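Have a look at query.txt below; it lists compact mmCIF, C-alpha atoms.
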```txt
# COMPACT_ATOMS: atom_id res chain seq x y z
CA MET L 1 17.24 -25.84 33.81
CA LEU L 2 18.91 -26.61 37.13
CA SER L 3 17.56 -30.17 37.15
CA TYR L 4 18.83 -30.62 33.57
CA LEU L 5 22.34 -29.51 34.57
CA GLN L 6 22.28 -31.91 37.52
CA GLN L 7 21.56 -34.80 35.14
CA CYS L 8 24.17 -34.01 32.49
CA ARG L 9 27.12 -35.87 34.00
CA GLY L 10 25.08 -39.06 34.34
CA LEU L 11 23.64 -38.67 30.83
CA LEU L 12 27.12 -38.22 29.42
CA GLN L 13 28.40 -41.43 30.99
CA ARG L 14 25.48 -43.53 29.74
CA ALA L 15 24.95 -42.14 26.24
CA ALA L 16 26.34 -43.68 23.07
CA ARG L 17 25.88 -40.52 20.99
CA LYS L 18 26.67 -37.06 22.34
CA ILE L 19 26.51 -33.43 21.30
CA VAL L 20 28.75 -31.16 23.35
CA VAL L 21 27.99 -27.43 23.53
CA ILE L 22 31.26 -25.68 24.37
CA GLY L 23 32.45 -22.08 24.66
CA ASN L 24 35.87 -20.72 23.79
CA GLU L 25 39.08 -21.53 25.64
CA SER L 26 39.08 -18.36 27.72
CA CYS L 27 35.95 -19.68 29.50
CA ASP L 28 34.90 -16.18 30.45
CA LEU L 29 31.41 -15.49 31.75
CA ASP L 30 29.94 -14.98 28.28
CA SER L 31 31.26 -18.32 26.99
CA ALA L 32 30.28 -20.23 30.12
CA VAL L 33 26.66 -19.09 30.49
CA SER L 34 26.04 -19.13 26.73
CA ALA L 35 27.12 -22.78 26.59
CA LEU L 36 24.91 -23.72 29.56
CA ALA L 37 21.83 -21.90 28.28
CA LEU L 38 22.17 -23.01 24.65
CA ALA L 39 22.68 -26.65 25.67
CA TYR L 40 19.47 -26.49 27.70
CA HIS L 41 17.63 -24.91 24.74
CA LEU L 42 18.86 -27.62 22.34
CA HIS L 43 17.95 -30.29 24.89
CA CYS L 44 14.39 -28.92 24.95
CA THR L 45 14.20 -28.07 21.24
CA PRO L 46 16.47 -30.50 19.35
CA ASP L 47 14.77 -29.89 15.99
CA VAL L 48 17.23 -26.99 15.54
CA LEU L 49 19.88 -29.64 14.87
CA GLN L 50 20.37 -31.50 11.61
CA ARG L 51 18.61 -34.86 11.55
CA ASN L 52 21.71 -36.95 10.91
CA SER L 53 23.37 -35.60 14.08
CA TYR L 54 20.46 -36.03 16.47
CA THR L 55 18.58 -39.23 17.18
CA LYS L 56 16.46 -40.34 20.12
CA ASP L 57 19.51 -41.78 21.91
CA THR L 58 21.59 -38.59 21.54
CA VAL L 59 22.27 -36.47 24.63
CA ILE L 60 23.18 -32.79 24.58
CA VAL L 61 25.45 -31.51 27.35
CA PRO L 62 27.30 -28.25 28.03
CA VAL L 63 31.03 -28.32 28.71
CA LEU L 64 33.07 -25.51 30.25
CA ASN L 65 36.18 -25.06 28.12
CA VAL L 66 38.61 -25.14 31.04
CA VAL L 67 40.32 -27.94 32.95
CA ARG L 68 38.81 -28.58 36.36
CA ASN L 69 41.78 -27.39 38.44
CA GLU L 70 41.82 -24.05 36.56
CA LEU L 71 38.11 -23.32 37.02
CA PRO L 72 38.79 -21.36 40.27
CA LEU L 73 40.83 -18.91 38.15
CA LYS L 74 37.60 -17.85 36.41
CA THR L 75 36.52 -15.85 39.42
CA GLU L 76 33.56 -14.01 37.86
CA VAL L 77 32.27 -17.30 36.40
CA THR L 78 32.38 -19.19 39.69
CA TYR L 79 30.90 -16.21 41.56
CA TYR L 80 27.98 -15.74 39.17
CA LEU L 81 27.14 -19.43 38.82
CA LYS L 82 27.01 -19.75 42.60
CA GLN L 83 24.73 -16.71 42.69
CA GLN L 84 22.44 -18.55 40.26
CA LYS L 85 22.49 -21.61 42.57
CA ILE L 86 24.41 -23.73 40.05
CA ALA L 87 26.72 -26.22 41.74
CA LEU L 88 30.17 -26.12 40.14
CA ASP L 89 30.90 -29.79 40.79
CA GLU L 90 27.84 -30.77 38.73
CA LEU L 91 29.21 -29.02 35.64
CA ILE L 92 31.49 -30.77 33.15
CA CYS L 93 34.95 -29.37 32.37
CA SER L 94 36.96 -29.99 29.21
CA ASP L 95 39.39 -32.47 30.79
CA GLU L 96 36.46 -34.65 31.88
CA ILE L 97 35.57 -35.57 28.29
CA GLU L 98 37.31 -38.43 26.47
CA TRP L 99 37.73 -36.47 23.24
CA GLU L 100 40.04 -38.85 21.44
CA THR L 101 38.24 -42.13 22.12
CA GLU L 102 34.98 -41.35 20.32
CA PRO L 103 35.43 -38.92 17.41
CA ASN L 104 32.53 -40.48 15.52
CA ASN L 105 30.04 -40.40 18.41
CA LEU L 106 30.63 -36.88 19.68
CA ASP L 107 29.60 -33.77 17.74
CA LEU L 108 30.15 -30.12 18.67
CA VAL L 109 28.17 -26.94 18.93
CA LEU L 110 30.61 -24.01 19.22
CA VAL L 111 29.57 -21.01 21.28
CA ASP L 112 31.45 -17.68 21.39
CA HIS L 113 33.92 -18.96 18.77
CA HIS L 114 33.73 -20.57 15.35
CA MET L 115 37.09 -22.33 14.99
CA THR L 116 38.32 -25.12 17.24
CA LYS L 117 41.32 -27.33 17.92
CA LEU L 118 38.93 -30.28 18.26
CA ALA L 119 39.26 -30.99 14.56
CA ASN L 120 38.33 -34.67 14.82
CA HIS L 121 34.75 -33.85 15.74
CA ARG L 122 31.98 -32.70 13.44
CA ILE L 123 30.62 -29.21 14.10
CA VAL L 124 26.82 -29.22 13.94
CA GLY L 125 26.16 -25.69 15.17
CA ILE L 126 27.80 -22.31 15.79
CA VAL L 127 26.68 -19.23 17.71
CA ASP L 128 29.29 -16.47 17.79
CA HIS L 129 29.57 -12.69 17.97
CA ARG L 130 33.05 -12.08 16.60
CA PRO L 131 34.23 -11.32 13.04
CA VAL L 132 34.50 -14.40 10.83
CA ASP L 133 38.06 -15.70 10.54
CA GLY L 134 39.16 -15.91 6.90
CA ALA L 135 40.52 -19.40 7.50
CA ALA L 136 37.21 -20.72 8.86
CA LYS L 137 35.51 -23.62 7.07
CA PHE L 138 31.89 -24.35 7.89
CA ASN L 139 29.77 -27.49 7.74
CA SER L 140 27.04 -26.47 5.29
CA GLU L 141 24.46 -28.56 7.18
CA ALA L 142 25.18 -26.99 10.59
CA PHE L 143 22.99 -24.22 11.96
CA ARG L 144 25.00 -21.02 12.18
CA THR L 145 24.43 -17.63 13.81
CA ILE L 146 27.33 -15.17 13.64
CA GLU L 147 26.48 -11.53 14.32
CA LEU L 148 28.59 -8.66 15.65
CA VAL L 149 26.85 -7.81 18.91
CA GLY L 150 28.22 -6.98 22.34
CA SER L 151 27.69 -10.38 23.94
CA CYS L 152 27.27 -13.91 22.63
CA ALA L 153 24.71 -14.34 25.42
CA THR L 154 22.55 -11.86 23.49
CA LEU L 155 22.37 -14.19 20.48
CA VAL L 156 21.51 -17.17 22.67
CA GLY L 157 18.98 -15.05 24.54
CA ARG L 158 17.20 -14.12 21.30
CA GLU L 159 16.68 -17.83 20.57
CA LEU L 160 15.25 -18.42 24.03
CA MET L 161 12.98 -15.37 24.05
CA SER L 162 10.51 -16.72 21.50
CA ILE L 163 10.17 -20.06 23.31
CA PHE L 164 9.66 -18.29 26.63
CA GLN L 165 6.98 -16.04 25.12
CA ASP L 166 5.10 -18.90 23.45
CA LYS L 167 5.36 -21.68 26.01
CA GLN L 168 6.42 -20.03 29.29
CA VAL L 169 8.78 -22.93 30.03
CA PRO L 170 10.03 -22.34 33.63
CA GLY L 171 13.58 -23.47 32.82
CA TYR L 172 13.81 -20.83 30.11
CA ALA L 173 13.33 -18.10 32.70
CA ASP L 174 16.33 -19.51 34.61
CA ALA L 175 18.38 -19.67 31.41
CA LEU L 176 17.51 -16.10 30.39
CA GLU L 177 18.38 -14.79 33.85
CA LEU L 178 21.71 -16.62 33.60
CA LEU L 179 22.47 -14.91 30.28
CA TYR L 180 21.57 -11.47 31.60
CA GLY L 181 24.70 -11.09 33.73
CA ALA L 182 26.99 -11.81 30.79
CA ILE L 183 25.20 -9.24 28.61
CA VAL L 184 25.62 -6.54 31.26
CA LEU L 185 29.29 -7.43 31.82
CA ASP L 186 30.30 -7.84 28.17
CA THR L 187 28.74 -4.53 27.12
CA VAL L 188 30.48 -2.79 30.06
CA ASN L 189 27.00 -1.99 31.37
CA PHE L 190 26.01 -0.58 27.97
CA SER L 191 28.68 2.09 28.28
CA LYS L 192 28.79 4.56 25.39
CA GLU L 193 32.51 5.02 25.98
CA ALA L 194 33.23 1.29 25.54
CA ASP L 195 30.78 1.14 22.58
CA LYS L 196 30.23 -2.61 22.84
CA ALA L 197 26.44 -2.72 22.98
CA ARG L 198 24.31 -2.97 19.85
CA GLN L 199 20.55 -2.60 19.58
CA LEU L 200 20.00 -6.33 19.96
CA ASP L 201 21.91 -6.30 23.27
CA HIS L 202 19.55 -3.58 24.53
CA ASP L 203 16.49 -5.46 23.24
CA VAL L 204 17.36 -8.82 24.83
CA ALA L 205 18.40 -7.28 28.16
CA GLY L 206 15.22 -5.19 28.19
CA PHE L 207 13.09 -8.27 27.50
CA ILE L 208 14.71 -10.17 30.38
CA GLU L 209 14.28 -7.23 32.76
CA LYS L 210 10.59 -6.88 31.90
CA ASN L 211 9.50 -10.50 31.51
CA VAL L 212 11.82 -12.50 33.75
CA LYS L 213 13.23 -10.23 36.44
CA ASN L 214 10.19 -7.90 36.70
CA ILE L 215 12.40 -4.82 36.88
CA THR L 216 10.63 -1.55 36.12
CA PRO L 217 12.22 0.92 33.67
CA GLU L 218 12.71 3.31 36.60
CA ASN L 219 14.79 0.75 38.53
CA CYS L 220 16.59 -0.68 35.51
CA SER L 221 19.64 1.60 35.55
CA GLY L 222 20.39 1.10 39.23
CA TYR L 223 19.93 -2.66 39.02
CA ARG L 224 22.28 -2.96 36.03
CA GLU L 225 24.91 -0.83 37.72
CA SER L 226 24.78 -2.88 40.92
CA LEU L 227 25.07 -6.17 39.01
CA PHE L 228 27.86 -4.83 36.81
CA LYS L 229 29.90 -3.65 39.79
CA SER L 230 29.50 -7.00 41.55
CA LEU L 231 30.68 -8.90 38.46
CA VAL L 232 33.63 -6.57 37.88
CA ALA L 233 34.59 -6.95 41.54
CA ALA L 234 34.41 -10.75 41.23
CA ARG L 235 36.46 -10.71 38.01
CA SER L 236 39.00 -8.39 39.58
CA ASP L 237 39.29 -10.36 42.81
CA VAL L 238 42.66 -11.93 42.18
CA SER L 239 43.73 -11.80 45.82
CA GLN L 240 44.19 -15.58 45.87
CA LEU L 241 46.04 -15.74 42.53
CA ASN L 242 49.75 -15.20 41.94
CA ALA L 243 51.30 -13.66 38.82
CA TYR L 244 51.60 -17.08 37.17
CA GLN L 245 47.95 -18.05 37.71
CA LEU L 246 46.78 -14.68 36.44
CA LEU L 247 48.31 -15.42 33.04
CA PHE L 248 45.87 -18.33 32.64
CA LYS L 249 42.78 -16.53 33.93
CA ASP L 250 41.68 -15.19 30.52
CA LEU L 251 44.00 -16.64 27.89
CA LYS L 252 44.00 -16.92 24.08
CA ILE L 253 46.78 -18.71 22.22
CA LEU L 254 47.53 -18.35 18.50
CA HIS L 255 49.69 -20.95 16.76
CA GLN L 256 50.55 -20.58 13.06
CA ASN L 257 53.51 -21.41 10.87
CA GLY L 258 55.44 -22.94 13.73
CA ARG L 259 55.22 -19.85 15.96
CA THR L 260 53.08 -19.33 19.05
CA VAL L 261 51.76 -16.04 20.43
CA SER L 262 49.92 -16.03 23.76
CA LEU L 263 47.51 -13.25 24.70
CA PRO L 264 46.63 -13.24 28.42
CA GLY L 265 43.98 -10.71 29.42
CA PHE L 266 43.99 -9.17 32.90
CA PRO L 267 41.23 -7.59 35.02
CA MET L 268 43.80 -4.91 35.87
CA ALA L 269 46.29 -2.71 34.07
CA VAL L 270 49.43 -4.38 32.74
CA GLN L 271 51.46 -1.80 34.64
CA GLN L 272 49.74 -2.95 37.83
CA TYR L 273 50.42 -6.59 36.97
CA LEU L 274 54.13 -5.88 36.55
CA LYS L 275 54.33 -4.88 40.22
CA LEU L 276 53.32 -8.37 41.43
CA ALA L 277 55.91 -10.51 43.16
CA GLU L 278 58.26 -12.45 40.87
CA CYS L 279 56.31 -11.27 37.83
CA SER L 280 59.20 -11.65 35.37
CA GLN L 281 59.95 -15.22 36.48
CA HIS L 282 56.28 -16.16 36.22
CA VAL L 283 56.00 -14.75 32.69
CA ASN L 284 59.01 -16.81 31.61
CA GLN L 285 57.60 -19.92 33.29
CA PHE L 286 54.28 -19.31 31.52
CA ALA L 287 56.01 -18.85 28.16
CA CYS L 288 57.85 -22.13 28.67
CA SER L 289 54.69 -24.06 29.61
CA THR L 290 52.74 -22.67 26.62
CA GLN L 291 55.77 -22.80 24.27
CA SER L 292 55.19 -19.15 23.42
CA ASN L 293 57.61 -17.21 21.25
CA VAL L 294 55.92 -13.89 22.03
CA VAL L 295 53.56 -12.97 24.88
CA LEU L 296 51.10 -10.07 24.58
CA LEU L 297 49.85 -8.82 27.95
CA LEU L 298 46.45 -7.11 27.65
CA GLY L 299 45.24 -5.02 30.59
CA MET L 300 41.76 -3.61 31.20
CA LYS L 301 40.93 -1.78 34.40
CA VAL L 302 37.36 -0.69 35.10
CA LEU L 303 37.36 2.38 37.35
CA PRO L 304 34.72 3.05 40.04
CA ASP L 305 32.88 5.49 37.76
CA GLY L 306 32.53 2.78 35.09
CA SER L 307 35.16 4.17 32.75
CA VAL L 308 37.78 1.85 31.26
CA ARG L 309 41.56 1.99 30.93
CA ARG L 310 43.54 -0.31 28.64
CA ASP L 311 47.25 -1.00 28.18
CA ILE L 312 49.38 -3.54 26.31
CA GLY L 313 52.75 -5.23 26.78
CA ILE L 314 54.61 -7.08 24.02
CA ILE L 315 57.27 -9.46 25.34
CA PRO L 316 59.64 -11.11 22.84
CA ILE L 317 60.44 -14.34 24.69
CA ASP L 318 62.75 -15.81 22.04
CA ASP L 319 61.64 -14.09 18.81
CA LYS L 320 62.34 -10.36 18.80
CA PRO L 321 61.73 -9.98 15.02
CA LEU L 322 58.22 -11.43 15.40
CA ALA L 323 57.50 -9.10 18.32
CA GLU L 324 58.69 -6.13 16.26
CA LYS L 325 56.44 -7.14 13.36
CA ILE L 326 53.45 -7.33 15.70
CA ILE L 327 54.25 -3.89 17.13
CA SER L 328 54.57 -2.41 13.64
CA ALA L 329 51.31 -3.99 12.54
CA LEU L 330 49.46 -2.57 15.56
CA LEU L 331 50.88 0.90 15.00
CA GLU L 332 50.23 0.87 11.25
CA GLU L 333 46.80 -0.82 11.18
CA LYS L 334 44.51 1.24 8.93
CA SER L 335 41.11 -0.26 9.73
CA ILE L 336 41.30 0.59 13.43
CA SER L 337 43.68 2.75 15.44
CA PHE L 338 44.53 1.42 18.89
CA GLY L 339 45.81 4.83 19.90
CA LEU L 340 49.03 3.41 21.32
CA GLU L 341 51.39 5.61 23.34
CA ARG L 342 54.75 4.18 24.41
CA ILE L 343 55.28 3.76 28.16
CA GLU L 344 58.87 3.59 29.36
CA THR L 345 58.92 0.54 31.64
CA VAL L 346 61.90 -1.48 32.84
CA PHE L 347 61.26 -5.18 32.23
CA ALA L 348 63.34 -8.16 31.18
CA ASN L 349 63.39 -9.62 27.65
CA GLY L 350 63.28 -6.27 25.87
CA ALA L 351 59.52 -5.89 26.39
CA VAL L 352 57.67 -2.88 24.97
CA PHE L 353 54.63 -1.35 26.69
CA PHE L 354 51.87 0.97 25.48
CA GLN L 355 48.97 2.88 26.91
CA GLN L 356 45.94 2.27 24.67
CA HIS L 357 43.83 5.37 24.12
CA ASN L 358 41.21 3.80 21.84
CA LEU L 359 39.19 2.07 24.54
CA LYS L 360 36.79 0.52 22.01
CA ALA L 361 39.54 -1.71 20.59
CA SER L 362 39.74 -5.03 22.42
CA ARG L 363 41.44 -8.39 21.99
CA LYS L 364 38.73 -9.21 19.48
CA GLN L 365 40.15 -6.58 17.12
CA LEU L 366 43.77 -7.34 18.00
CA ILE L 367 43.73 -11.08 17.25
CA PRO L 368 43.13 -10.77 13.47
CA ILE L 369 46.12 -8.41 13.26
CA VAL L 370 48.39 -10.86 15.08
CA LYS L 371 47.10 -13.70 12.89
CA SER L 372 47.91 -11.67 9.79
CA VAL L 373 51.49 -11.23 11.01
CA LEU L 374 51.78 -14.96 11.66
CA ASP L 375 50.37 -15.70 8.20
CA SER L 376 53.03 -13.45 6.64
CA LEU L 377 55.76 -15.71 8.06
CA GLN L 378 54.79 -18.41 5.59
CA GLY L 379 57.54 -18.91 3.06
```

Structure rendered as structure tokens:
Amino acid sequence: MLSYLQQCRGLLQRAARKIVVIGNESCDLDSAVSALALAYHLHCTPDVLQRNSYTKDTVIVPVLNVVRNELPLKTEVTYYLKQQKIALDELICSDEIEWETEPNNLDLVLVDHHMTKLANHRIVGIVDHRPVDGAAKFNSEAFRTIELVGSCATLVGRELMSIFQDKQVPGYADALELLYGAIVLDTVNFSKEADKARQLDHDVAGFIEKNVKNITPENCSGYRESLFKSLVAARSDVSQLNAYQLLFKDLKILHQNGRTVSLPGFPMAVQQYLKLAECSQHVNQFACSTQSNVVLLLGMKVLPDGSVRRDIGIIPIDDKPLAEKIISALLEEKSISFGLERIETVFANGAVFFQQHNLKASRKQLIPIVKSVLDSLQG
């Protein structure tokens, strides 16, 4: 797999027809490694793709969904890829693709999301582990795997497992090992408290431990814990980032009906973030650069014992009514309770902060609620 990744930039420059495998815009570890491993799998086994999208002169390359100068913000991604001996400068970032110049010669495989802003390009495949968005429209000829599991890397890993068992392709061992770290991190090391892991996550991780990493069941728990702690430490190492850069580290942006809501996620508590130097000025600068009307700060701190703490901040940049509607929707949501408890915090812009007691509820559950509020603005 490493030799394949080293060739991708050259293949991209020479090819007339391309298929780009790309993760979501947060470019977290799950998205990044899933895109790399799935692209390698499709490169080796292109018959998964529809015939009218793949010909002998088509190349398949992974792309990290982040601009090159922001890749250092993805600290757990850069740390883990280096650990896997993957050179960062050999990987392709989103701003290194000429998206607009060849809409007819560049198709997409979406990983860890199923809706994209790259609307000019045909989607020929999807692998995702989040609930289906009601506004999603799918290409009926594209292959599609959408299942609610803890990590998208689990779904990619399942596809690779059968090939590895049948053919023992050496590159597949590298790809499966790459996916393993994301599974451990995304499931919060299979924590019962976080309740992210599903049976398939356990099955794929167990297969990798037994058949690729040669870890005995007796050593499994300790190995997972050590890896998890190293990844959390890398994700939480924001010592070189200021309050402005942190807002872009793990970012989702929703834009509907002329309004924009940004949802930065932090590897720390929001209350801890608020203590950083010039935090208020940086939030306003961020809101201006992203043209956000409301900013939702989402904090998650993993404690040394593996337990999780979550908190939320809702900042009405220039649309207090929209912020109030979002707060009401979160407090009144029937399908899932976030367990929000108001925290009295002094901050500019009339921001409202909450401790979140339901630790199982993440941004994945929050986004559909915010989208519903934005939809209600229509008319």

Item to check | Residue list as an MDAnalysis selection string for point (25.1, -42.5, 23.5), cut-off 6 Å, all atoms listed in the file | outcome: chainID L and resid 15:18 57:58

Item to check | Distance criterion (only C-alpha atoms): nearest to L:Gln355 out of L:Leu377, L:Ile336, L:Met300, L:Leu11 | outcome: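 Of L:Leu377, L:Ile336, L:Met300, L:Leu11, the one nearest L:Gln355 is L:Met300, counting only C-alpha atoms.
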
Give me the residues of stretch 139-212 of chain L that have any atom at most 9 Å from an atom of stretch 308-327 of chain L; for each, the nearest atom pair and the distance in Å, rounded to one decimal. Use all atoms listed in the file, sort by chain and number, and format it as CSV.
```
residue,atom,partner,partner_atom,distance
L:Val188,CA,L:Val308,CA,8.7
L:Glu193,CA,L:Val308,CA,8.1
L:Ala194,CA,L:Val308,CA,7.3
```

Item to check | Distance query stretch 79-96 of chain L at most 7 Å, only C-alpha atoms, self and fewer than 4 positions along chain excluded, as a ChimeraX atom specification | outcome: /L:2,5-6,9,63-68,75,178,234

Please tabulate, as a tab-separated table, the residues of stretch 147-261 of chain L that come within 9 Å of stretch 268-276 of chain L, each with its closest pair of atoms and the distance in Å to one decimal, counting only C-alpha atoms and ordering rows by chain, then residue number upward.
```
residue	atom	partner	partner_atom	distance
L:Ser236	CA	L:Met268	CA	7.0
L:Asn242	CA	L:Leu276	CA	7.7
L:Ala243	CA	L:Leu276	CA	6.2
L:Leu246	CA	L:Tyr273	CA	8.9
```

Checklist outcome for this item: atom CA of L:His357 to atom CA of L:Leu330 measures 13.0 Å
